[in-house]
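Have a look at the structure below before the remarks.
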There are 2 protein chains.
Amino acid sequence: MDKPLMSDGPVTLAHVAQRAGVSQMTASRALNGRSGVSAKTRHEVVRIATQIGYRVNVAARKLSNGRSRIIAVLAPDLTNQFIGELLIGAGEAARKVDYEMLVYTLFDETRRSHDEVLRLLQQFADGLIAILPRGATDYVKALYAASMPIVILDHRGEVAALPTIASNHYEGASMAMRHLLELGHTRIGFLTGPDEPGASTERLTAYQHVLAQHGLRVDPHLISAGDYTQRGGFEAARRLLGLKKRPTAIFAVNDMAAFGALDAIKDAGLSVPNDVSLIGFDDIPMAAQTHPPLTTIRQPLVWMGRSAVNTLLAQINGIDVASPRVTLPTELVVRASTAALSATGRVPVGTRGASAGV
Amino acid sequence: MDKPLMSDGPVTLAHVAQRAGVSQMTASRALNGRSGVSAKTRHEVVRIATQIGYRVNVAARKLSNGRSRIIAVLAPDLTNQFIGELLIGAGEAARKVDYEMLVYTLFDETRRSHDEVLRLLQQFADGLIAILPRGATDYVKALYAASMPIVILDHRGEVAALPTIASNHYEGASMAMRHLLELGHTRIGFLTGPDEPGASTERLTAYQHVLAQHGLRVDPHLISAGDYTQRGGFEAARRLLGLKKRPTAIFAVNDMAAFGALDAIKDAGLSVPNDVSLIGFDDIPMAAQTHPPLTTIRQPLVWMGRSAVNTLLAQINGIDVASPRVTLPTELVVRASTAALSATGRVPVGTRGASAGV
DNA sequence: ATGAAAGCGCTAACAC
DNA sequence: GTGTTAGCGCTTTCAT
């Protein structure tokens with residue numbers, strides 16, 4: 001029985017120590033790369049551990065010294081690609097440095113107090129990455145009270161002293177607008193998200209500012225209320241298309257809304273980008289899969305997740321993070337849903353503005 | 001200091017016992033609803049525990065008696081709604097019976113051996129629900145070897161003796177075909193998924209069988225290869241639409257592929273359902289958000305997740321599960337992407353088949 | 001009905 | 001450089 005694999009219970013440190021003819025402590029030190037072990041002993045211990053398939057017991061380690069090398073992620077929803085991408089970045093970063101990542105999901109129906117959840121997570125994880133649901137100001141309070149390293153990922157405004165990772169919504173939205181403007185569009189519709197402080201309103205603000213900066217009037221009729229969903233984007237876009245003077249371009253607050261808008265535009269018998277240019281925000285994987293593929297503003301989701309892990313790890317290891325607020329850059333991804341106004345054929349170059357309308 | 005909340009370390013059982021003036025064991029018994037405690041004592045212990053905010057330490061409990069009341073879910077991917085819905089069902093079911101659910105995600109890049117992952121999960125969880133990536137036969141082997149309660153959710157064929165939860169793909173696909181047939185369609189295209197044993201091929205088989213059962217020829221040209229993705233569905237549908245005699249209805253192997261087909265149909269200047277009827281499979285949330293909303297076959301994803309938890313819990317509690325293989329029923333969800341052939345206007349009633357073709 | 005002792009697997013602290 | 005002891009928070013077993 002050289003490999004007591006699944007034979008008689010899991011392989012423990014005691015087994016390793018015994019085989020190596022050393023004490024548990026020496027074995028522990030050797031395996032954890034601590035000093036105070038001769039190179040020869042260390043090598044032997046490691047060899048044996050590998051041979052018999054030893055793996056530390058995280059529960060025991062957590063109980064003993066408070067460290068499990070596990071980080072927990074609190075996620076509000078697992079049915080959207082946005083969060084999925086964030087998780088990919090976090091997970092890969094964690095595993096790269098020999099940590100594990102576990103995801104805890106929030107559900108509406110099963111009531112757990114915030115405090116309860118955080119305590120559970122603290123019992124097995126060394127730190128927490130929190131992706132908060134919209135408008136969860138109460139959760140933020142619980143986060144403050146928790147005595148555990150925490151990083152907030154993709155925050156929604158209200159967060160104060162906790163380290164946060166986010167991307168630059170204002171800048172991203174500005175880029176989107178400049179892109180459209182450069183293509184010659186001046187009647188640009190905006191599909192909003194929820195009307196509360198956060199990414200959605202930051203993007204709307206940029207929309208208004210850039211328009212103003214270019215000496216263009218911000219027409220309230222061109223701002224159509226949506227809610228981050230495809231259905232919401234569809235309805236909001238449809239309203240815009242029903243306008244006497246419909247926009248020649250639409251900027252959707254996020255990709256999902258843009259997908260809805262795409263449906264609405266095609267449904268109206270119009271073509272993207274020939275009749276209407278469309279730009280989204282986020283660059284979730286699906287954005288590259290529509291037809292035409294969506295021009296959008298990329299949030300570096302994977303990078304954000306990675307960054308959250310690194311910030312968290314710094315905290316866990318007691319390294320004082322210089323700036324607890326990381327803002328990552330966005331990027332314009334030009335695909336096929338936007339085109340120059342002149343290409344629409346509806347408004348010949350040089351006549352711009354003269355013959356607009358349905 | 002009545003509530004030693006975050007003051008000096010977490011509240012332990014010892015604190016509760018001390019306050020109640022009983023031994024730890026009595027406190028433990030009282031809190032766990034075990035016998036051997038007088039009603040009065042029990043009540044008092046519970047009162048105090050609640051008051052000072054006691055919560056068992058899962059790491060300690062796991063170490064002590066092997067039970068954490070946590071179930072782990074192994075998920076191959078967190079960027080798709082299908083899995084998200086499965087997880088909702090599982091999570092809610094678990095929390096309803098006072099278990100917690102934690103999700104462990106697989107990533108391509110960070111190599112962990114299957115064995116390694118399972119051992120980690122076993123160290124903190126009481127059981128595992130495995131949602132396997134496609135073609136992961138090697139994972140199944142590791143699952144067999146693992147000494148922990150396991151349930152496979154949404155299996156892909158090859159699974160043998162392990163308990164599994166799945167829905168009836170063959171029946172669902174048959175329903176889809178019958179629906180189309182009842183609407184008068186006879187030229188029905190099929191958008192396939194990956195060509196390997198599993199849901200995709202089961203659905204294809206049903207497509208072929210039902211056609212044959214109705215005395216219709218299975219035209220290989222109407223079977224177009226896709227891959228479960230939107231892009232794949234788009235390309236596959238486009239090929240179908242380019243046929244001399246294009247189908248009047250398309251059955252997509254899953255909803256994502258149907259979304260791609262929707263794009264392709266609209267792109268060809270055709271209308272759904274007026275020119276082409278379209279039906280998907282799965283009924284992920286997005287299916288209700290497209291325009292037109294997608295007719296599809298619902299897999300009871302939430303129910304499947306719930307069922308997996310219940311089956312797992314039975315195993316954990318040593319109850320011998322009668323049938324370790326649960327197959328849940330699918331359901332036809334008629335929305336707006338399918339319509340009677342006569343309504344297409346291309347083939348007048350009574351003349352069916354006479355003037356088909358582009 | 002209640003309690004004391006021992007131990008789950010590990011590591012911090014202190015020996016030697 | 002290595003070993004011993006104690007203890008993390010809990011529950012088992014075996015008293016009483």
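Residues are referred to by chain and number: the chain letter is A, B, ... according to the order shown in the structure tokens, the number counts from 1 in that chain, and ligands are numbered separately from 1 in the order shown.
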Would you list the contacts of DA12 of chain C as a PyMOL selection string, taking every protein, DNA or RNA residue within 10 Å and counting only C-alpha atoms (C1' of nucleotides), but skipping same-chain residues closer than 4 positions in sequence?
-> (chain A and resi 64-65) or (chain D and resi 6-7)
Contact residues (chain B, partner chain A, 6 Å, only C-alpha atoms) as a PDB file with N, CA, C and O atoms, in the first residue's frame:
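Resulting contents of iface-v2.pdb:
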ATOM      1  N   ALA B  59     -15.834  25.229   9.781  1.00  0.00           N
ATOM      2  CA  ALA B  59     -14.544  24.542   9.671  1.00  0.00           C
ATOM      3  C   ALA B  59     -14.365  23.593  10.849  1.00  0.00           C
ATOM      4  O   ALA B  59     -13.962  22.445  10.691  1.00  0.00           O
ATOM      5  N   LEU B  78     -19.411  29.893 -15.986  1.00  0.00           N
ATOM      6  CA  LEU B  78     -20.375  30.751 -15.308  1.00  0.00           C
ATOM      7  C   LEU B  78     -20.886  31.856 -16.219  1.00  0.00           C
ATOM      8  O   LEU B  78     -21.503  32.816 -15.775  1.00  0.00           O
ATOM      9  N   THR B  79     -20.631  31.713 -17.515  1.00  0.00           N
ATOM     10  CA  THR B  79     -21.077  32.793 -18.391  1.00  0.00           C
ATOM     11  C   THR B  79     -22.290  32.399 -19.207  1.00  0.00           C
ATOM     12  O   THR B  79     -22.560  32.995 -20.223  1.00  0.00           O
ATOM     13  N   GLN B  81     -26.550  31.376 -19.100  1.00  0.00           N
ATOM     14  CA  GLN B  81     -27.774  31.390 -18.316  1.00  0.00           C
ATOM     15  C   GLN B  81     -28.266  30.012 -17.957  1.00  0.00           C
ATOM     16  O   GLN B  81     -28.904  29.812 -16.932  1.00  0.00           O
ATOM     17  N   GLY B  84     -26.631  29.082 -14.898  1.00  0.00           N
ATOM     18  CA  GLY B  84     -27.117  30.006 -13.881  1.00  0.00           C
ATOM     19  C   GLY B  84     -28.459  29.572 -13.308  1.00  0.00           C
ATOM     20  O   GLY B  84     -28.674  29.618 -12.090  1.00  0.00           O
ATOM     21  N   LEU B 102     -21.954  26.382  -2.295  1.00  0.00           N
ATOM     22  CA  LEU B 102     -20.780  27.100  -2.778  1.00  0.00           C
ATOM     23  C   LEU B 102     -20.436  26.560  -4.159  1.00  0.00           C
ATOM     24  O   LEU B 102     -20.503  25.355  -4.390  1.00  0.00           O
ATOM     25  N   VAL B 103     -20.055  27.448  -5.048  1.00  0.00           N
ATOM     26  CA  VAL B 103     -19.766  27.029  -6.419  1.00  0.00           C
ATOM     27  C   VAL B 103     -18.267  27.069  -6.709  1.00  0.00           C
ATOM     28  O   VAL B 103     -17.594  28.058  -6.422  1.00  0.00           O
ATOM     29  N   TYR B 104     -17.789  26.002  -7.257  1.00  0.00           N
ATOM     30  CA  TYR B 104     -16.399  25.938  -7.687  1.00  0.00           C
ATOM     31  C   TYR B 104     -16.398  25.874  -9.204  1.00  0.00           C
ATOM     32  O   TYR B 104     -17.035  25.008  -9.797  1.00  0.00           O
ATOM     33  N   GLN B 230     -24.471  31.149 -30.481  1.00  0.00           N
ATOM     34  CA  GLN B 230     -25.254  32.061 -31.294  1.00  0.00           C
ATOM     35  C   GLN B 230     -24.643  32.189 -32.684  1.00  0.00           C
ATOM     36  O   GLN B 230     -25.327  32.119 -33.693  1.00  0.00           O
ATOM     37  N   ARG B 231     -23.355  32.351 -32.715  1.00  0.00           N
ATOM     38  CA  ARG B 231     -22.661  32.484 -33.989  1.00  0.00           C
ATOM     39  C   ARG B 231     -22.850  31.222 -34.825  1.00  0.00           C
ATOM     40  O   ARG B 231     -23.139  31.264 -36.010  1.00  0.00           O
ATOM     41  N   ASP B 263     -31.244  36.141 -35.949  1.00  0.00           N
ATOM     42  CA  ASP B 263     -30.436  37.156 -36.626  1.00  0.00           C
ATOM     43  C   ASP B 263     -30.347  36.860 -38.121  1.00  0.00           C
ATOM     44  O   ASP B 263     -30.516  37.748 -38.961  1.00  0.00           O
ATOM     45  N   GLN B 289     -37.059  37.298 -24.057  1.00  0.00           N
ATOM     46  CA  GLN B 289     -36.708  38.697 -24.235  1.00  0.00           C
ATOM     47  C   GLN B 289     -36.443  39.107 -25.675  1.00  0.00           C
ATOM     48  O   GLN B 289     -36.307  40.287 -25.971  1.00  0.00           O
ATOM     49  N   HIS B 291     -37.188  39.504 -29.785  1.00  0.00           N
ATOM     50  CA  HIS B 291     -38.370  39.930 -30.509  1.00  0.00           C
ATOM     51  C   HIS B 291     -38.383  39.258 -31.869  1.00  0.00           C
ATOM     52  O   HIS B 291     -37.500  39.512 -32.667  1.00  0.00           O
TER      53      HIS B 291
END
Proximal residues of chain A relative to chain D (only C-alpha atoms (C1' of nucleotides); 7 Å) as a PyMOL selection string | chain A and resi 23+26+36-38+63-64
Given a cut-off of 8 Å, which residues of chain C touch chain A, counting only C-alpha atoms (C1' of nucleotides), written out as a PyMOL selection string?
-> chain C and resi 9-12
Give me the residues near Ala237 of chain B as a PDB file with C-alpha atoms, in the first residue's frame, where near means some atom within 12 Å (using only C-alpha atoms (C1' of nucleotides)) and where sequence neighbours in that chain fewer than 5 positions away do not count.
ATOM      1  CA  ILE B 188     -38.276  21.795 -41.232  1.00  0.00           C
ATOM      2  CA  GLY B 189     -34.622  22.572 -40.793  1.00  0.00           C
ATOM      3  CA  PHE B 190     -32.578  21.429 -37.822  1.00  0.00           C
ATOM      4  CA  LEU B 191     -29.638  23.330 -36.388  1.00  0.00           C
ATOM      5  CA  THR B 192     -27.415  20.801 -34.662  1.00  0.00           C
ATOM      6  CA  HIS B 221     -29.668  19.242 -46.526  1.00  0.00           C
ATOM      7  CA  LEU B 222     -32.045  20.461 -43.875  1.00  0.00           C
ATOM      8  CA  ILE B 223     -29.704  19.396 -41.101  1.00  0.00           C
ATOM      9  CA  SER B 224     -27.183  22.146 -40.599  1.00  0.00           C
ATOM     10  CA  ALA B 225     -24.205  21.842 -38.306  1.00  0.00           C
ATOM     11  CA  GLY B 226     -23.884  24.272 -35.443  1.00  0.00           C
ATOM     12  CA  ASP B 227     -22.338  24.175 -32.011  1.00  0.00           C
ATOM     13  CA  THR B 229     -23.501  29.056 -29.853  1.00  0.00           C
ATOM     14  CA  GLN B 230     -25.254  32.061 -31.294  1.00  0.00           C
ATOM     15  CA  ARG B 231     -22.661  32.484 -33.989  1.00  0.00           C
ATOM     16  CA  GLY B 232     -22.882  28.810 -34.847  1.00  0.00           C
ATOM     17  CA  GLY B 242     -29.605  29.826 -48.888  1.00  0.00           C
ATOM     18  CA  LEU B 243     -31.107  26.549 -49.996  1.00  0.00           C
ATOM     19  CA  ARG B 246     -35.564  26.789 -47.943  1.00  0.00           C
ATOM     20  CA  PRO B 247     -37.351  25.442 -44.886  1.00  0.00           C
ATOM     21  CA  THR B 248     -40.496  27.110 -43.623  1.00  0.00           C
ATOM     22  CA  ALA B 249     -39.539  26.311 -40.063  1.00  0.00           C
ATOM     23  CA  ILE B 250     -36.314  25.859 -38.164  1.00  0.00           C
ATOM     24  CA  PHE B 251     -35.748  23.871 -35.016  1.00  0.00           C
ATOM     25  CA  ALA B 252     -32.602  24.964 -33.215  1.00  0.00           C
ATOM     26  CA  VAL B 253     -30.833  22.570 -30.904  1.00  0.00           C
ATOM     27  CA  ALA B 257     -28.412  28.817 -31.574  1.00  0.00           C
ATOM     28  CA  ALA B 258     -31.974  29.997 -32.110  1.00  0.00           C
ATOM     29  CA  PHE B 259     -30.908  33.550 -31.334  1.00  0.00           C
ATOM     30  CA  GLY B 260     -28.320  33.280 -34.037  1.00  0.00           C
ATOM     31  CA  ALA B 261     -30.911  31.894 -36.400  1.00  0.00           C
ATOM     32  CA  LEU B 262     -33.184  34.797 -35.575  1.00  0.00           C
ATOM     33  CA  ASP B 263     -30.436  37.156 -36.626  1.00  0.00           C
ATOM     34  CA  ALA B 264     -29.882  35.227 -39.824  1.00  0.00           C
ATOM     35  CA  ILE B 265     -33.529  35.138 -40.770  1.00  0.00           C
ATOM     36  CA  LYS B 266     -34.022  38.839 -40.203  1.00  0.00           C
ATOM     37  CA  ASP B 267     -30.808  39.499 -41.989  1.00  0.00           C
ATOM     38  CA  ALA B 268     -32.145  37.698 -45.040  1.00  0.00           C
ATOM     39  CA  VAL B 276     -39.988  31.220 -41.144  1.00  0.00           C
ATOM     40  CA  LEU B 278     -38.392  29.228 -35.280  1.00  0.00           C
TER      41      LEU B 278
END
Atom CA of Thr295 of chain B and atom CA of Leu241 of chain A are how many Å apart?
->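 Calculated distance between atom CA of Thr295 of chain B and atom CA of Leu241 of chain A is 26.0 Å.
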For atom CA of Leu270 of chain B and atom CA of His209 of chain B, determine how far apart the two atoms are, in Å to one decimal place.
->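 Distance between the two atoms: 28.7 Å.
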Just list the residues in segment 128-201 of chain A DSSP gives strand (DSSP E) on the backbone, as number ranges by chain.
-> A: 128-130, 150-153, 164-167, 188-191
Could the residues in this selection be saved with all heavy atoms as a CSV table (one decimal), in the first residue's frame?
chain,number,residue,atom,x,y,z
A,128,LEU,N,-12.7,38.3,1.0
A,128,LEU,CA,-13.9,38.4,0.2
A,128,LEU,C,-13.9,39.4,-0.9
A,128,LEU,O,-13.5,40.5,-0.7
A,128,LEU,CB,-15.1,38.7,1.1
A,128,LEU,CG,-16.4,38.9,0.5
A,128,LEU,CD1,-17.0,37.7,-0.2
A,128,LEU,CD2,-17.4,39.5,1.5
A,129,ILE,N,-14.3,39.0,-2.1
A,129,ILE,CA,-14.6,39.9,-3.2
A,129,ILE,C,-16.1,40.0,-3.3
A,129,ILE,O,-16.8,39.0,-3.6
A,129,ILE,CB,-14.0,39.4,-4.5
A,129,ILE,CG1,-12.5,39.4,-4.4
A,129,ILE,CG2,-14.4,40.3,-5.7
A,129,ILE,CD1,-11.8,38.8,-5.6
A,130,ALA,N,-16.6,41.2,-3.1
A,130,ALA,CA,-18.0,41.4,-3.2
A,130,ALA,C,-18.5,42.1,-4.5
A,130,ALA,O,-18.0,43.2,-4.8
A,130,ALA,CB,-18.5,42.2,-2.0
A,150,ILE,N,-11.6,42.7,2.5
A,150,ILE,CA,-12.7,42.8,1.5
A,150,ILE,C,-12.4,43.7,0.4
A,150,ILE,O,-11.7,44.7,0.6
A,150,ILE,CB,-14.0,43.3,2.2
A,150,ILE,CG1,-14.5,42.3,3.2
A,150,ILE,CG2,-15.1,43.6,1.1
A,150,ILE,CD1,-15.8,42.7,3.9
A,151,VAL,N,-12.8,43.4,-0.8
A,151,VAL,CA,-12.6,44.2,-2.0
A,151,VAL,C,-14.0,44.3,-2.7
A,151,VAL,O,-14.6,43.2,-2.9
A,151,VAL,CB,-11.5,43.7,-3.0
A,151,VAL,CG1,-11.6,44.5,-4.3
A,151,VAL,CG2,-10.2,43.9,-2.4
A,152,ILE,N,-14.4,45.5,-3.1
A,152,ILE,CA,-15.6,45.6,-3.8
A,152,ILE,C,-15.3,45.7,-5.3
A,152,ILE,O,-14.5,46.5,-5.7
A,152,ILE,CB,-16.4,46.8,-3.3
A,152,ILE,CG1,-16.9,46.5,-1.9
A,152,ILE,CG2,-17.6,47.0,-4.2
A,152,ILE,CD1,-17.7,47.6,-1.3
A,153,LEU,N,-16.0,44.8,-6.0
A,153,LEU,CA,-15.7,44.7,-7.4
A,153,LEU,C,-16.9,45.3,-8.2
A,153,LEU,O,-18.1,45.0,-7.9
A,153,LEU,CB,-15.5,43.3,-7.8
A,153,LEU,CG,-15.2,42.9,-9.3
A,153,LEU,CD1,-14.0,43.8,-9.8
A,153,LEU,CD2,-14.9,41.5,-9.4
A,164,THR,N,-12.0,49.3,-3.8
A,164,THR,CA,-12.9,49.0,-4.9
A,164,THR,C,-12.1,48.9,-6.3
A,164,THR,O,-11.1,49.6,-6.5
A,164,THR,CB,-13.9,50.1,-5.1
A,164,THR,OG1,-13.3,51.4,-5.4
A,164,THR,CG2,-14.8,50.3,-3.8
A,165,ILE,N,-12.7,48.1,-7.1
A,165,ILE,CA,-12.2,48.0,-8.5
A,165,ILE,C,-13.4,48.3,-9.4
A,165,ILE,O,-14.4,47.8,-9.2
A,165,ILE,CB,-11.8,46.5,-8.8
A,165,ILE,CG1,-10.9,46.0,-7.7
A,165,ILE,CG2,-11.1,46.4,-10.1
A,165,ILE,CD1,-9.5,46.5,-7.6
A,166,ALA,N,-13.1,49.2,-10.3
A,166,ALA,CA,-14.2,49.5,-11.3
A,166,ALA,C,-13.5,50.0,-12.6
A,166,ALA,O,-12.3,50.1,-12.6
A,166,ALA,CB,-15.1,50.5,-10.8
A,167,SER,N,-14.3,50.2,-13.6
A,167,SER,CA,-13.7,50.7,-14.8
A,167,SER,C,-14.3,52.1,-15.0
A,167,SER,O,-15.2,52.5,-14.3
A,167,SER,CB,-14.0,49.9,-16.0
A,167,SER,OG,-15.3,49.9,-16.4
A,188,ILE,N,-28.3,61.5,-31.9
A,188,ILE,CA,-27.9,60.2,-31.2
A,188,ILE,C,-28.8,60.0,-30.0
A,188,ILE,O,-29.0,60.8,-29.1
A,188,ILE,CB,-26.4,60.3,-30.7
A,188,ILE,CG1,-25.5,60.6,-31.9
A,188,ILE,CG2,-26.0,59.0,-30.0
A,188,ILE,CD1,-24.1,60.9,-31.5
A,189,GLY,N,-29.4,58.8,-30.1
A,189,GLY,CA,-30.3,58.4,-29.0
A,189,GLY,C,-29.6,57.7,-27.9
A,189,GLY,O,-28.5,57.1,-28.1
A,190,PHE,N,-30.1,57.8,-26.7
A,190,PHE,CA,-29.4,57.1,-25.6
A,190,PHE,C,-30.5,56.2,-24.9
A,190,PHE,O,-31.6,56.7,-24.5
A,190,PHE,CB,-28.8,58.1,-24.6
A,190,PHE,CG,-28.1,57.4,-23.4
A,190,PHE,CD1,-26.8,56.9,-23.7
A,190,PHE,CD2,-28.6,57.3,-22.2
A,190,PHE,CE1,-26.1,56.3,-22.6
A,190,PHE,CE2,-27.9,56.7,-21.1
A,190,PHE,CZ,-26.6,56.2,-21.4
A,191,LEU,N,-30.1,55.0,-24.7
A,191,LEU,CA,-31.0,54.0,-23.9
A,191,LEU,C,-30.5,53.9,-22.5
A,191,LEU,O,-29.4,53.4,-22.3
A,191,LEU,CB,-30.9,52.7,-24.6
A,191,LEU,CG,-31.9,52.3,-25.8
A,191,LEU,CD1,-32.3,53.5,-26.5
A,191,LEU,CD2,-31.2,51.3,-26.7
